[in-house]
$ cat final.cif   # mmCIF, N, CA and C atoms and all ligand atoms
data_start
loop_
_atom_site.label_atom_id
_atom_site.label_comp_id
_atom_site.auth_asym_id
_atom_site.auth_seq_id
_atom_site.Cartn_x
_atom_site.Cartn_y
_atom_site.Cartn_z
N MET G 180 22.93 13.88 23.83
CA MET G 180 23.23 13.32 22.50
C MET G 180 24.72 12.96 22.42
N GLU G 181 25.01 11.83 21.81
CA GLU G 181 26.42 11.42 21.63
C GLU G 181 27.16 12.47 20.80
N ASN G 182 28.47 12.54 21.07
CA ASN G 182 29.28 13.58 20.42
C ASN G 182 30.10 13.01 19.27
N ILE G 183 30.07 13.66 18.12
CA ILE G 183 31.02 13.28 17.07
C ILE G 183 31.65 14.56 16.51
N SER G 184 32.84 14.40 15.94
CA SER G 184 33.59 15.58 15.52
C SER G 184 32.96 16.23 14.29
N ASP G 185 33.28 17.52 14.12
CA ASP G 185 32.80 18.24 12.93
C ASP G 185 33.33 17.58 11.66
N ALA G 186 34.56 17.06 11.73
CA ALA G 186 35.15 16.41 10.55
C ALA G 186 34.35 15.17 10.16
N LYS G 187 33.91 14.40 11.17
CA LYS G 187 33.11 13.20 10.89
C LYS G 187 31.75 13.58 10.31
N ILE G 188 31.19 14.66 10.84
CA ILE G 188 29.90 15.12 10.31
C ILE G 188 30.05 15.47 8.83
N GLU G 189 31.13 16.17 8.50
CA GLU G 189 31.38 16.53 7.10
C GLU G 189 31.54 15.28 6.25
N GLU G 190 32.27 14.31 6.78
CA GLU G 190 32.54 13.08 6.04
C GLU G 190 31.23 12.32 5.77
N LEU G 191 30.38 12.26 6.79
CA LEU G 191 29.11 11.55 6.63
C LEU G 191 28.21 12.28 5.63
N ALA G 192 28.16 13.59 5.73
CA ALA G 192 27.31 14.36 4.80
C ALA G 192 27.81 14.18 3.37
N ALA G 193 29.12 14.19 3.19
CA ALA G 193 29.69 14.02 1.83
C ALA G 193 29.36 12.63 1.29
N ALA G 194 29.44 11.62 2.15
CA ALA G 194 29.13 10.25 1.70
C ALA G 194 27.65 10.13 1.35
N ALA G 195 26.80 10.79 2.11
CA ALA G 195 25.35 10.76 1.83
C ALA G 195 25.04 11.49 0.53
N ARG G 196 25.71 12.61 0.31
CA ARG G 196 25.52 13.34 -0.96
C ARG G 196 25.92 12.47 -2.13
N ALA G 197 27.05 11.77 -1.99
CA ALA G 197 27.57 10.96 -3.09
C ALA G 197 26.65 9.78 -3.41
N VAL G 198 26.20 9.08 -2.37
CA VAL G 198 25.37 7.89 -2.63
C VAL G 198 23.98 8.28 -3.12
N ARG G 199 23.55 9.49 -2.78
CA ARG G 199 22.25 9.96 -3.29
C ARG G 199 22.20 9.93 -4.81
N GLU G 200 23.34 10.12 -5.44
CA GLU G 200 23.39 10.08 -6.91
C GLU G 200 22.97 8.72 -7.45
N HIS G 201 23.08 7.68 -6.63
CA HIS G 201 22.72 6.32 -7.07
C HIS G 201 21.27 5.97 -6.76
N ALA G 202 20.55 6.86 -6.13
CA ALA G 202 19.15 6.56 -5.77
C ALA G 202 18.37 6.18 -7.03
N TYR G 203 17.50 5.20 -6.85
CA TYR G 203 16.64 4.76 -7.95
C TYR G 203 15.22 5.23 -7.60
N ALA G 204 14.82 6.35 -8.19
CA ALA G 204 13.56 6.98 -7.79
C ALA G 204 12.77 7.45 -9.02
N PRO G 205 12.49 6.52 -9.97
CA PRO G 205 11.80 6.94 -11.19
C PRO G 205 10.33 7.26 -10.97
N TYR G 206 9.77 6.89 -9.82
CA TYR G 206 8.34 7.13 -9.58
C TYR G 206 8.12 8.42 -8.80
N SER G 207 8.95 8.68 -7.82
CA SER G 207 8.77 9.91 -7.02
C SER G 207 9.71 11.02 -7.44
N GLN G 208 10.79 10.67 -8.12
CA GLN G 208 11.88 11.63 -8.42
C GLN G 208 12.48 12.23 -7.15
N PHE G 209 12.22 11.62 -6.02
CA PHE G 209 12.75 12.13 -4.75
C PHE G 209 13.92 11.25 -4.33
N LYS G 210 15.13 11.72 -4.65
CA LYS G 210 16.32 10.92 -4.36
C LYS G 210 16.81 11.20 -2.94
N VAL G 211 17.16 10.13 -2.25
CA VAL G 211 17.64 10.25 -0.88
C VAL G 211 18.97 9.50 -0.75
N GLY G 212 19.91 10.11 -0.05
CA GLY G 212 21.18 9.45 0.25
C GLY G 212 21.38 9.44 1.76
N SER G 213 21.94 8.35 2.26
CA SER G 213 22.17 8.25 3.70
C SER G 213 23.53 7.61 3.95
N ALA G 214 24.20 8.07 4.99
CA ALA G 214 25.49 7.49 5.38
C ALA G 214 25.53 7.45 6.90
N LEU G 215 26.01 6.32 7.43
CA LEU G 215 26.07 6.20 8.89
C LEU G 215 27.48 5.85 9.33
N LEU G 216 27.76 6.27 10.56
CA LEU G 216 29.02 5.93 11.21
C LEU G 216 28.74 4.76 12.15
N SER G 217 29.47 3.67 11.96
CA SER G 217 29.22 2.46 12.75
C SER G 217 30.10 2.42 14.00
N GLY G 218 29.82 1.44 14.83
CA GLY G 218 30.61 1.25 16.05
C GLY G 218 32.08 1.02 15.77
N SER G 219 32.41 0.39 14.65
CA SER G 219 33.81 0.11 14.32
C SER G 219 34.51 1.33 13.73
N GLY G 220 33.73 2.36 13.40
CA GLY G 220 34.31 3.56 12.78
C GLY G 220 34.16 3.57 11.28
N ALA G 221 33.65 2.48 10.71
CA ALA G 221 33.44 2.44 9.25
C ALA G 221 32.16 3.21 8.89
N ILE G 222 32.13 3.66 7.66
CA ILE G 222 30.95 4.38 7.15
C ILE G 222 30.22 3.47 6.16
N TYR G 223 28.91 3.40 6.31
CA TYR G 223 28.06 2.61 5.40
C TYR G 223 27.04 3.54 4.77
N THR G 224 26.72 3.27 3.51
CA THR G 224 25.83 4.17 2.79
C THR G 224 24.64 3.41 2.21
N GLY G 225 23.60 4.15 1.91
CA GLY G 225 22.42 3.58 1.25
C GLY G 225 21.66 4.67 0.52
N CYS G 226 20.94 4.27 -0.51
CA CYS G 226 20.06 5.19 -1.23
C CYS G 226 18.68 4.55 -1.32
N ASN G 227 17.66 5.35 -1.62
CA ASN G 227 16.34 4.74 -1.77
C ASN G 227 16.27 3.98 -3.09
N VAL G 228 15.57 2.86 -3.05
CA VAL G 228 15.39 2.01 -4.23
C VAL G 228 13.89 1.78 -4.37
N GLU G 229 13.31 2.40 -5.40
CA GLU G 229 11.86 2.29 -5.62
C GLU G 229 11.52 1.07 -6.47
N ASN G 230 10.22 0.80 -6.54
CA ASN G 230 9.75 -0.34 -7.32
C ASN G 230 8.41 0.01 -7.94
N ALA G 231 8.13 -0.60 -9.09
CA ALA G 231 6.85 -0.39 -9.77
C ALA G 231 5.68 -0.78 -8.85
N SER G 232 5.92 -1.76 -8.01
CA SER G 232 4.96 -2.07 -6.95
C SER G 232 5.36 -1.19 -5.77
N TYR G 233 4.78 -0.01 -5.69
CA TYR G 233 5.31 1.09 -4.87
C TYR G 233 5.69 0.69 -3.44
N GLY G 234 4.86 -0.16 -2.85
CA GLY G 234 5.05 -0.52 -1.44
C GLY G 234 6.33 -1.28 -1.18
N LEU G 235 6.98 -1.76 -2.22
CA LEU G 235 8.23 -2.50 -2.04
C LEU G 235 9.44 -1.58 -1.95
N THR G 236 9.23 -0.30 -2.16
CA THR G 236 10.32 0.68 -2.05
C THR G 236 11.00 0.59 -0.69
N VAL G 237 12.32 0.71 -0.71
CA VAL G 237 13.06 0.76 0.56
C VAL G 237 13.79 2.10 0.66
N CYS G 238 13.66 2.73 1.81
CA CYS G 238 14.27 4.04 2.04
C CYS G 238 15.80 3.94 2.11
N ALA G 239 16.43 5.07 1.86
CA ALA G 239 17.89 5.18 1.91
C ALA G 239 18.44 4.78 3.29
N GLU G 240 17.78 5.26 4.34
CA GLU G 240 18.29 5.02 5.69
C GLU G 240 18.32 3.53 6.00
N ARG G 241 17.22 2.84 5.67
CA ARG G 241 17.18 1.41 5.98
C ARG G 241 18.21 0.65 5.14
N ASN G 242 18.42 1.08 3.92
CA ASN G 242 19.44 0.39 3.12
C ASN G 242 20.84 0.58 3.72
N ALA G 243 21.11 1.76 4.26
CA ALA G 243 22.41 1.98 4.91
C ALA G 243 22.53 1.13 6.18
N ILE G 244 21.46 1.09 6.95
CA ILE G 244 21.49 0.32 8.21
C ILE G 244 21.68 -1.17 7.91
N PHE G 245 20.96 -1.67 6.93
CA PHE G 245 21.05 -3.10 6.62
C PHE G 245 22.43 -3.45 6.03
N ALA G 246 23.03 -2.53 5.30
CA ALA G 246 24.39 -2.77 4.78
C ALA G 246 25.36 -2.89 5.96
N ALA G 247 25.18 -2.04 6.96
CA ALA G 247 26.07 -2.08 8.14
C ALA G 247 25.89 -3.41 8.88
N VAL G 248 24.65 -3.82 9.09
CA VAL G 248 24.40 -5.07 9.81
C VAL G 248 24.95 -6.25 9.02
N ALA G 249 24.78 -6.22 7.71
CA ALA G 249 25.29 -7.32 6.87
C ALA G 249 26.81 -7.41 6.93
N ALA G 250 27.46 -6.29 7.24
CA ALA G 250 28.92 -6.28 7.36
C ALA G 250 29.37 -6.65 8.78
N GLY G 251 28.42 -6.95 9.67
CA GLY G 251 28.78 -7.41 11.01
C GLY G 251 28.67 -6.35 12.08
N GLU G 252 28.17 -5.17 11.75
CA GLU G 252 28.05 -4.08 12.73
C GLU G 252 26.78 -4.26 13.57
N ARG G 253 26.86 -3.75 14.81
CA ARG G 253 25.67 -3.79 15.67
C ARG G 253 25.40 -2.43 16.32
N GLU G 254 26.22 -1.44 15.97
CA GLU G 254 26.07 -0.14 16.62
C GLU G 254 26.17 0.99 15.60
N ILE G 255 25.28 1.95 15.75
CA ILE G 255 25.30 3.14 14.89
C ILE G 255 25.57 4.35 15.77
N LYS G 256 26.55 5.17 15.37
CA LYS G 256 26.96 6.31 16.20
C LYS G 256 26.45 7.65 15.67
N ALA G 257 26.12 7.70 14.38
CA ALA G 257 25.56 8.91 13.78
C ALA G 257 25.05 8.54 12.40
N ILE G 258 24.11 9.32 11.90
CA ILE G 258 23.61 9.06 10.54
C ILE G 258 23.33 10.39 9.85
N ALA G 259 23.63 10.45 8.57
CA ALA G 259 23.35 11.64 7.77
C ALA G 259 22.37 11.28 6.66
N ILE G 260 21.51 12.24 6.33
CA ILE G 260 20.49 12.03 5.30
C ILE G 260 20.47 13.28 4.43
N VAL G 261 20.57 13.07 3.11
CA VAL G 261 20.57 14.21 2.19
C VAL G 261 19.40 14.08 1.21
N THR G 262 18.65 15.16 1.07
CA THR G 262 17.50 15.19 0.16
C THR G 262 17.50 16.51 -0.61
N GLN G 263 16.78 16.50 -1.73
CA GLN G 263 16.55 17.77 -2.44
C GLN G 263 15.16 18.25 -2.06
N SER G 264 15.11 19.14 -1.12
CA SER G 264 13.84 19.62 -0.57
C SER G 264 14.10 21.01 0.00
N PRO G 265 13.04 21.84 0.09
CA PRO G 265 13.26 23.21 0.60
C PRO G 265 13.89 23.20 1.98
N GLU G 266 13.48 22.27 2.80
CA GLU G 266 14.06 22.09 4.13
C GLU G 266 14.67 20.70 4.19
N PRO G 267 15.74 20.49 4.94
CA PRO G 267 16.27 19.13 5.10
C PRO G 267 15.16 18.21 5.62
N ALA G 268 15.06 17.01 5.04
CA ALA G 268 13.95 16.11 5.39
C ALA G 268 14.35 15.16 6.52
N ALA G 269 13.42 14.94 7.42
CA ALA G 269 13.64 14.01 8.53
C ALA G 269 13.30 12.59 8.09
N PRO G 270 13.91 11.59 8.71
CA PRO G 270 13.62 10.21 8.31
C PRO G 270 12.18 9.81 8.63
N CYS G 271 11.63 8.91 7.82
CA CYS G 271 10.26 8.46 8.05
C CYS G 271 10.18 7.65 9.34
N GLY G 272 8.99 7.44 9.82
CA GLY G 272 8.78 6.73 11.08
C GLY G 272 9.34 5.32 11.07
N ALA G 273 9.16 4.62 9.94
CA ALA G 273 9.65 3.24 9.86
C ALA G 273 11.17 3.23 10.04
N CYS G 274 11.85 4.16 9.39
CA CYS G 274 13.32 4.21 9.49
C CYS G 274 13.77 4.60 10.90
N ARG G 275 13.00 5.46 11.56
CA ARG G 275 13.35 5.82 12.95
C ARG G 275 13.30 4.58 13.84
N GLN G 276 12.26 3.77 13.67
CA GLN G 276 12.13 2.55 14.48
C GLN G 276 13.28 1.59 14.20
N VAL G 277 13.67 1.46 12.94
CA VAL G 277 14.79 0.56 12.58
C VAL G 277 16.10 1.12 13.14
N LEU G 278 16.26 2.43 13.06
CA LEU G 278 17.48 3.08 13.55
C LEU G 278 17.68 2.86 15.05
N ILE G 279 16.63 3.01 15.84
CA ILE G 279 16.81 2.90 17.29
C ILE G 279 17.12 1.47 17.73
N GLU G 280 16.91 0.51 16.85
CA GLU G 280 17.31 -0.87 17.16
C GLU G 280 18.81 -0.94 17.44
N PHE G 281 19.58 -0.06 16.76
CA PHE G 281 21.04 -0.14 16.80
C PHE G 281 21.69 1.14 17.33
N ALA G 282 20.90 2.12 17.72
CA ALA G 282 21.46 3.43 18.05
C ALA G 282 20.96 3.93 19.40
N ALA G 283 21.82 4.64 20.12
CA ALA G 283 21.40 5.35 21.34
C ALA G 283 20.93 6.75 20.91
N ASP G 284 21.18 7.75 21.73
CA ASP G 284 20.72 9.11 21.39
C ASP G 284 21.74 9.77 20.47
N ILE G 285 21.76 9.34 19.23
CA ILE G 285 22.80 9.77 18.29
C ILE G 285 22.40 11.04 17.54
N PRO G 286 23.39 11.74 16.98
CA PRO G 286 23.06 12.86 16.10
C PRO G 286 22.53 12.37 14.75
N VAL G 287 21.43 12.95 14.32
CA VAL G 287 20.86 12.67 13.00
C VAL G 287 21.07 13.95 12.18
N ILE G 288 21.93 13.84 11.18
CA ILE G 288 22.35 15.01 10.40
C ILE G 288 21.47 15.10 9.17
N LEU G 289 20.71 16.16 9.08
CA LEU G 289 19.75 16.34 7.99
C LEU G 289 20.26 17.47 7.11
N GLU G 290 20.39 17.18 5.82
CA GLU G 290 20.94 18.20 4.92
C GLU G 290 20.14 18.21 3.63
N ASN G 291 19.97 19.40 3.05
CA ASN G 291 19.40 19.42 1.70
C ASN G 291 20.50 19.76 0.69
N THR G 292 20.13 19.66 -0.59
CA THR G 292 21.16 19.83 -1.62
C THR G 292 21.59 21.30 -1.77
N ASP G 293 20.88 22.22 -1.07
CA ASP G 293 21.34 23.61 -1.03
C ASP G 293 22.37 23.82 0.07
N GLY G 294 22.63 22.76 0.83
CA GLY G 294 23.64 22.87 1.89
C GLY G 294 23.09 23.33 3.22
N ILE G 295 21.76 23.40 3.36
CA ILE G 295 21.19 23.70 4.68
C ILE G 295 21.29 22.44 5.53
N ARG G 296 21.85 22.58 6.71
CA ARG G 296 22.07 21.41 7.57
C ARG G 296 21.46 21.63 8.95
N ARG G 297 20.74 20.62 9.43
CA ARG G 297 20.24 20.64 10.81
C ARG G 297 20.65 19.34 11.48
N ILE G 298 21.01 19.44 12.73
CA ILE G 298 21.37 18.23 13.48
C ILE G 298 20.37 18.06 14.61
N GLN G 299 19.71 16.90 14.60
CA GLN G 299 18.69 16.58 15.59
C GLN G 299 19.13 15.36 16.38
N SER G 300 18.77 15.30 17.63
CA SER G 300 19.06 14.08 18.38
C SER G 300 17.99 13.04 18.06
N LEU G 301 18.41 11.78 18.08
CA LEU G 301 17.44 10.71 17.79
C LEU G 301 16.33 10.69 18.84
N ASN G 302 16.68 11.00 20.09
CA ASN G 302 15.64 11.02 21.14
C ASN G 302 14.56 12.06 20.85
N ALA G 303 14.98 13.20 20.27
CA ALA G 303 13.99 14.23 19.93
C ALA G 303 13.11 13.75 18.77
N LEU G 304 13.72 13.03 17.83
CA LEU G 304 12.95 12.56 16.68
C LEU G 304 12.06 11.37 17.03
N PHE G 305 12.48 10.61 18.04
CA PHE G 305 11.77 9.37 18.33
C PHE G 305 11.78 9.11 19.83
N PRO G 306 10.95 9.83 20.58
CA PRO G 306 11.05 9.79 22.04
C PRO G 306 10.57 8.48 22.67
N MET G 307 9.71 7.72 22.01
CA MET G 307 9.19 6.52 22.67
C MET G 307 9.29 5.34 21.72
N ARG G 308 10.07 4.36 22.11
CA ARG G 308 10.33 3.24 21.21
C ARG G 308 9.50 2.01 21.54
N PHE G 309 9.24 1.22 20.54
CA PHE G 309 8.73 -0.12 20.78
C PHE G 309 9.94 -1.02 20.98
N ASN G 310 9.90 -1.80 22.02
CA ASN G 310 11.05 -2.56 22.46
C ASN G 310 10.66 -3.98 22.83
N LEU G 311 11.52 -4.92 22.59
CA LEU G 311 11.36 -6.28 23.11
C LEU G 311 12.68 -6.69 23.74
N PRO G 312 12.68 -7.61 24.68
CA PRO G 312 13.96 -8.11 25.20
C PRO G 312 14.75 -8.75 24.08
N LYS G 313 16.08 -8.58 24.12
CA LYS G 313 16.93 -9.12 23.06
C LYS G 313 17.80 -10.25 23.60
N ASP G 314 18.08 -11.20 22.75
CA ASP G 314 19.13 -12.17 23.00
C ASP G 314 20.32 -11.70 22.17
N GLU G 315 21.34 -11.15 22.84
CA GLU G 315 22.45 -10.50 22.12
C GLU G 315 23.27 -11.49 21.30
N GLU G 316 23.08 -12.79 21.54
CA GLU G 316 23.83 -13.82 20.78
C GLU G 316 23.38 -13.90 19.33
N THR G 317 22.14 -13.51 19.08
CA THR G 317 21.59 -13.66 17.74
C THR G 317 21.28 -12.34 17.13
N1 LIG J 1 12.38 8.04 1.36
C1 LIG J 1 13.58 7.73 1.91
O1 LIG J 1 14.47 7.20 1.24
N2 LIG J 1 13.77 8.04 3.22
C2 LIG J 1 12.83 8.61 4.03
O2 LIG J 1 13.06 8.76 5.22
C3 LIG J 1 11.56 9.03 3.48
C4 LIG J 1 11.28 8.65 2.08
C5 LIG J 1 12.17 7.73 -0.06
C6 LIG J 1 11.15 6.64 -0.33
C7 LIG J 1 10.68 7.00 -1.71
O3 LIG J 1 11.56 6.42 -2.67
C8 LIG J 1 10.83 8.50 -1.80
O4 LIG J 1 11.70 8.88 -0.73
C9 LIG J 1 9.53 9.26 -1.67
O5 LIG J 1 8.82 8.87 -0.57
#
$ encode --input "final.cif" --output "structure tokens" --more "lines below"
Ligand code: THU
Amino acid sequence: MENISDAKIEELAAAARAVREHAYAPYSQFKVGSALLSGSGAIYTGCNVENASYGLTVCAERNAIFAAVAAGEREIKAIAIVTQSPEPAAPCGACRQVLIEFAADIPVILENTDGIRRIQSLNALFPMRFNLPKDEET
């Protein structure tokens, strides 16, 4: 698993906690905040945004990833996810697939609002990826 400093882990967790406050979750009441460290060293955040047409909901992790890509990033070095749950919650399968598009075996920092933190490697969370050849120009 790629290495990042304890200070960066704290910074990412704090950013994920903060953005979680902006989650729009009137249907599930399950607010999620996510913050990622990009290849440039910048931090990008996202929260879940639900919709009355439930299937249109977008998870916090994907919103953070898409914000990073929209800012010109192509690499993710670590990601933090904060939820209010008895145990820190792992990202859904769809978000894992989107994450590995831009990430190697990065640390995935899972935290709940009680401050319980677990760090999992992305390879452990998602051992087999669907892959296609890429044209790096686009
Ligand atoms: N959710 C996320 O934001 N990330 C995940 O990895 C799993 C689920 C959101 C979607 C929905 O708004 C709420 O949590 C309940 O599923």
$ closest_atom_pairs --input "final.cif" --of "chain G" --to "ligand LIG 1 (chain J)" --cutoff "10 Å" --atoms "only C-alpha atoms and all ligand atoms" --output "Markdown table"
| residue | atom | partner | partner_atom | distance |
| --- | --- | --- | --- | --- |
| G:Arg199 | CA | J:LIG1 | O1 | 9.4 |
| G:Ala202 | CA | J:LIG1 | O3 | 8.2 |
| G:Tyr203 | CA | J:LIG1 | O3 | 7.5 |
| G:Ala204 | CA | J:LIG1 | O3 | 5.5 |
| G:Pro205 | CA | J:LIG1 | O3 | 8.5 |
| G:Tyr206 | CA | J:LIG1 | O3 | 7.7 |
| G:Ser207 | CA | J:LIG1 | C9 | 5.4 |
| G:Gln208 | CA | J:LIG1 | C8 | 7.4 |
| G:Phe209 | CA | J:LIG1 | C8 | 5.1 |
| G:Lys210 | CA | J:LIG1 | O4 | 6.2 |
| G:Val211 | CA | J:LIG1 | O1 | 4.9 |
| G:Gly212 | CA | J:LIG1 | O1 | 7.1 |
| G:Ser213 | CA | J:LIG1 | O1 | 8.2 |
| G:Gly225 | CA | J:LIG1 | O1 | 8.7 |
| G:Cys226 | CA | J:LIG1 | O1 | 6.4 |
| G:Asn227 | CA | J:LIG1 | O1 | 4.3 |
| G:Val228 | CA | J:LIG1 | O3 | 6.0 |
| G:Glu229 | CA | J:LIG1 | O3 | 5.1 |
| G:Asn230 | CA | J:LIG1 | O3 | 8.4 |
| G:Tyr233 | CA | J:LIG1 | O3 | 8.5 |
| G:Gly234 | CA | J:LIG1 | C7 | 9.4 |
| G:Leu235 | CA | J:LIG1 | O3 | 9.5 |
| G:Thr236 | CA | J:LIG1 | O3 | 5.9 |
| G:Val237 | CA | J:LIG1 | C6 | 6.2 |
| G:Cys238 | CA | J:LIG1 | O1 | 3.3 |
| G:Ala239 | CA | J:LIG1 | O1 | 4.0 |
| G:Glu240 | CA | J:LIG1 | N2 | 6.0 |
| G:Arg241 | CA | J:LIG1 | N2 | 8.0 |
| G:Asn242 | CA | J:LIG1 | O1 | 8.6 |
| G:Ile260 | CA | J:LIG1 | N2 | 8.1 |
| G:Val261 | CA | J:LIG1 | N2 | 9.2 |
| G:Thr262 | CA | J:LIG1 | C1 | 8.6 |
| G:Ala268 | CA | J:LIG1 | O2 | 7.4 |
| G:Ala269 | CA | J:LIG1 | O2 | 6.2 |
| G:Pro270 | CA | J:LIG1 | O2 | 3.5 |
| G:Cys271 | CA | J:LIG1 | O2 | 4.0 |
| G:Gly272 | CA | J:LIG1 | O2 | 7.5 |
| G:Ala273 | CA | J:LIG1 | O2 | 8.0 |
| G:Cys274 | CA | J:LIG1 | O2 | 6.2 |
| G:Arg275 | CA | J:LIG1 | O2 | 8.3 |
$ closest_residue --input "final.cif" --among "G:Glu254, G:Glu181, G:Asp293, G:Glu200" --to "Leu216 of chain G" --atoms "all atoms listed in the file"
G:Glu254
$ closest_residue --input "final.cif" --among "G:Gly220, G:Pro286, G:Pro265, G:Gly294" --to "Ala193 of chain G" --atoms "only C-alpha atoms"
G:Gly294
$ closest_residue --input "final.cif" --among "G:Ile285, G:Ile244, G:Ile295, G:Val198" --to "Ser264 of chain G" --atoms "only C-alpha atoms"
G:Ile295
$ select_by_dssp --input "final.cif" --residues "chain G" --states "strand (DSSP E)" --output "mmCIF file with N, CA and C atoms, in the frame of the given file"
data_model
loop_
_atom_site.group_PDB
_atom_site.id
_atom_site.type_symbol
_atom_site.label_atom_id
_atom_site.label_comp_id
_atom_site.auth_asym_id
_atom_site.auth_seq_id
_atom_site.Cartn_x
_atom_site.Cartn_y
_atom_site.Cartn_z
ATOM 1 N N VAL G 211 17.160 10.130 -2.250
ATOM 2 C CA VAL G 211 17.640 10.250 -0.880
ATOM 3 C C VAL G 211 18.970 9.500 -0.750
ATOM 4 N N GLY G 212 19.910 10.110 -0.050
ATOM 5 C CA GLY G 212 21.180 9.450 0.250
ATOM 6 C C GLY G 212 21.380 9.440 1.760
ATOM 7 N N SER G 213 21.940 8.350 2.260
ATOM 8 C CA SER G 213 22.170 8.250 3.700
ATOM 9 C C SER G 213 23.530 7.610 3.950
ATOM 10 N N ALA G 214 24.200 8.070 4.990
ATOM 11 C CA ALA G 214 25.490 7.490 5.380
ATOM 12 C C ALA G 214 25.530 7.450 6.900
ATOM 13 N N LEU G 215 26.010 6.320 7.430
ATOM 14 C CA LEU G 215 26.070 6.200 8.890
ATOM 15 C C LEU G 215 27.480 5.850 9.330
ATOM 16 N N LEU G 216 27.760 6.270 10.560
ATOM 17 C CA LEU G 216 29.020 5.930 11.210
ATOM 18 C C LEU G 216 28.740 4.760 12.150
ATOM 19 N N SER G 217 29.470 3.670 11.960
ATOM 20 C CA SER G 217 29.220 2.460 12.750
ATOM 21 C C SER G 217 30.100 2.420 14.000
ATOM 22 N N ILE G 222 32.130 3.660 7.660
ATOM 23 C CA ILE G 222 30.950 4.380 7.150
ATOM 24 C C ILE G 222 30.220 3.470 6.160
ATOM 25 N N TYR G 223 28.910 3.400 6.310
ATOM 26 C CA TYR G 223 28.060 2.610 5.400
ATOM 27 C C TYR G 223 27.040 3.540 4.770
ATOM 28 N N THR G 224 26.720 3.270 3.510
ATOM 29 C CA THR G 224 25.830 4.170 2.790
ATOM 30 C C THR G 224 24.640 3.410 2.210
ATOM 31 N N GLY G 225 23.600 4.150 1.910
ATOM 32 C CA GLY G 225 22.420 3.580 1.250
ATOM 33 C C GLY G 225 21.660 4.670 0.520
ATOM 34 N N CYS G 226 20.940 4.270 -0.510
ATOM 35 C CA CYS G 226 20.060 5.190 -1.230
ATOM 36 C C CYS G 226 18.680 4.550 -1.320
ATOM 37 N N ILE G 255 25.280 1.950 15.750
ATOM 38 C CA ILE G 255 25.300 3.140 14.890
ATOM 39 C C ILE G 255 25.570 4.350 15.770
ATOM 40 N N LYS G 256 26.550 5.170 15.370
ATOM 41 C CA LYS G 256 26.960 6.310 16.200
ATOM 42 C C LYS G 256 26.450 7.650 15.670
ATOM 43 N N ALA G 257 26.120 7.700 14.380
ATOM 44 C CA ALA G 257 25.560 8.910 13.780
ATOM 45 C C ALA G 257 25.050 8.540 12.400
ATOM 46 N N ILE G 258 24.110 9.320 11.900
ATOM 47 C CA ILE G 258 23.610 9.060 10.540
ATOM 48 C C ILE G 258 23.330 10.390 9.850
ATOM 49 N N ALA G 259 23.630 10.450 8.570
ATOM 50 C CA ALA G 259 23.350 11.640 7.770
ATOM 51 C C ALA G 259 22.370 11.280 6.660
ATOM 52 N N ILE G 260 21.510 12.240 6.330
ATOM 53 C CA ILE G 260 20.490 12.030 5.300
ATOM 54 C C ILE G 260 20.470 13.280 4.430
ATOM 55 N N VAL G 261 20.570 13.070 3.110
ATOM 56 C CA VAL G 261 20.570 14.210 2.190
ATOM 57 C C VAL G 261 19.400 14.080 1.210
ATOM 58 N N THR G 262 18.650 15.160 1.070
ATOM 59 C CA THR G 262 17.500 15.190 0.160
ATOM 60 C C THR G 262 17.500 16.510 -0.610
ATOM 61 N N PRO G 286 23.390 11.740 16.980
ATOM 62 C CA PRO G 286 23.060 12.860 16.100
ATOM 63 C C PRO G 286 22.530 12.370 14.750
ATOM 64 N N VAL G 287 21.430 12.950 14.320
ATOM 65 C CA VAL G 287 20.860 12.670 13.000
ATOM 66 C C VAL G 287 21.070 13.950 12.180
ATOM 67 N N ILE G 288 21.930 13.840 11.180
ATOM 68 C CA ILE G 288 22.350 15.010 10.400
ATOM 69 C C ILE G 288 21.470 15.100 9.170
ATOM 70 N N LEU G 289 20.710 16.160 9.080
ATOM 71 C CA LEU G 289 19.750 16.340 7.990
ATOM 72 C C LEU G 289 20.260 17.470 7.110
ATOM 73 N N GLU G 290 20.390 17.180 5.820
ATOM 74 C CA GLU G 290 20.940 18.200 4.920
ATOM 75 C C GLU G 290 20.140 18.210 3.630
ATOM 76 N N ASN G 291 19.970 19.400 3.050
ATOM 77 C CA ASN G 291 19.400 19.420 1.700
ATOM 78 C C ASN G 291 20.500 19.760 0.690
ATOM 79 N N ARG G 296 21.850 22.580 6.710
ATOM 80 C CA ARG G 296 22.070 21.410 7.570
ATOM 81 C C ARG G 296 21.460 21.630 8.950
ATOM 82 N N ARG G 297 20.740 20.620 9.430
ATOM 83 C CA ARG G 297 20.240 20.640 10.810
ATOM 84 C C ARG G 297 20.650 19.340 11.480
ATOM 85 N N ILE G 298 21.010 19.440 12.730
ATOM 86 C CA ILE G 298 21.370 18.230 13.480
ATOM 87 C C ILE G 298 20.370 18.060 14.610
ATOM 88 N N GLN G 299 19.710 16.900 14.600
ATOM 89 C CA GLN G 299 18.690 16.580 15.590
ATOM 90 C C GLN G 299 19.130 15.360 16.380
ATOM 91 N N SER G 300 18.770 15.300 17.630
ATOM 92 C CA SER G 300 19.060 14.080 18.380
ATOM 93 C C SER G 300 17.990 13.040 18.060
#
$ select_by_dssp --input "final.cif" --residues "chain G" --states "helix (DSSP H, G or I)" --output "number ranges by chain"
G: 185-199, 233-235, 239-249, 272-279, 301-304
$ closest_residue --input "final.cif" --among "G:Ala250, G:Ser184, G:Asn291, G:Leu278" --to "Glu266 of chain G" --atoms "only C-alpha atoms"
G:Asn291
$ closest_residue --input "final.cif" --among "G:Ile258, G:Gly251, G:Ser232, G:Gln263" --to "Thr292 of chain G" --atoms "all atoms listed in the file"
G:Gln263
$ atom_distance --input "final.cif" --atom1 "atom C of His201 of chain G" --atom2 "atom CA of Thr224 of chain G"
10.7 Å
$ atom_distance --input "final.cif" --atom1 "atom N of Glu315 of chain G" --atom2 "atom N of Ala214 of chain G"
26.4 Å
$ axis_aligned_box --input "final.cif" --around "segment 221-225 of chain G" --padding-each-side "4 Å" --output "lines of an AutoDock Vina configuration file"
center_x = 27.7
center_y = 3.6
center_z = 5.6
size_x = 20.0
size_y = 10.2
size_z = 18.2
$ atom_distance --input "final.cif" --atom1 "atom CA of Ile222 of chain G" --atom2 "atom CA of Glu190 of chain G"
8.9 Å
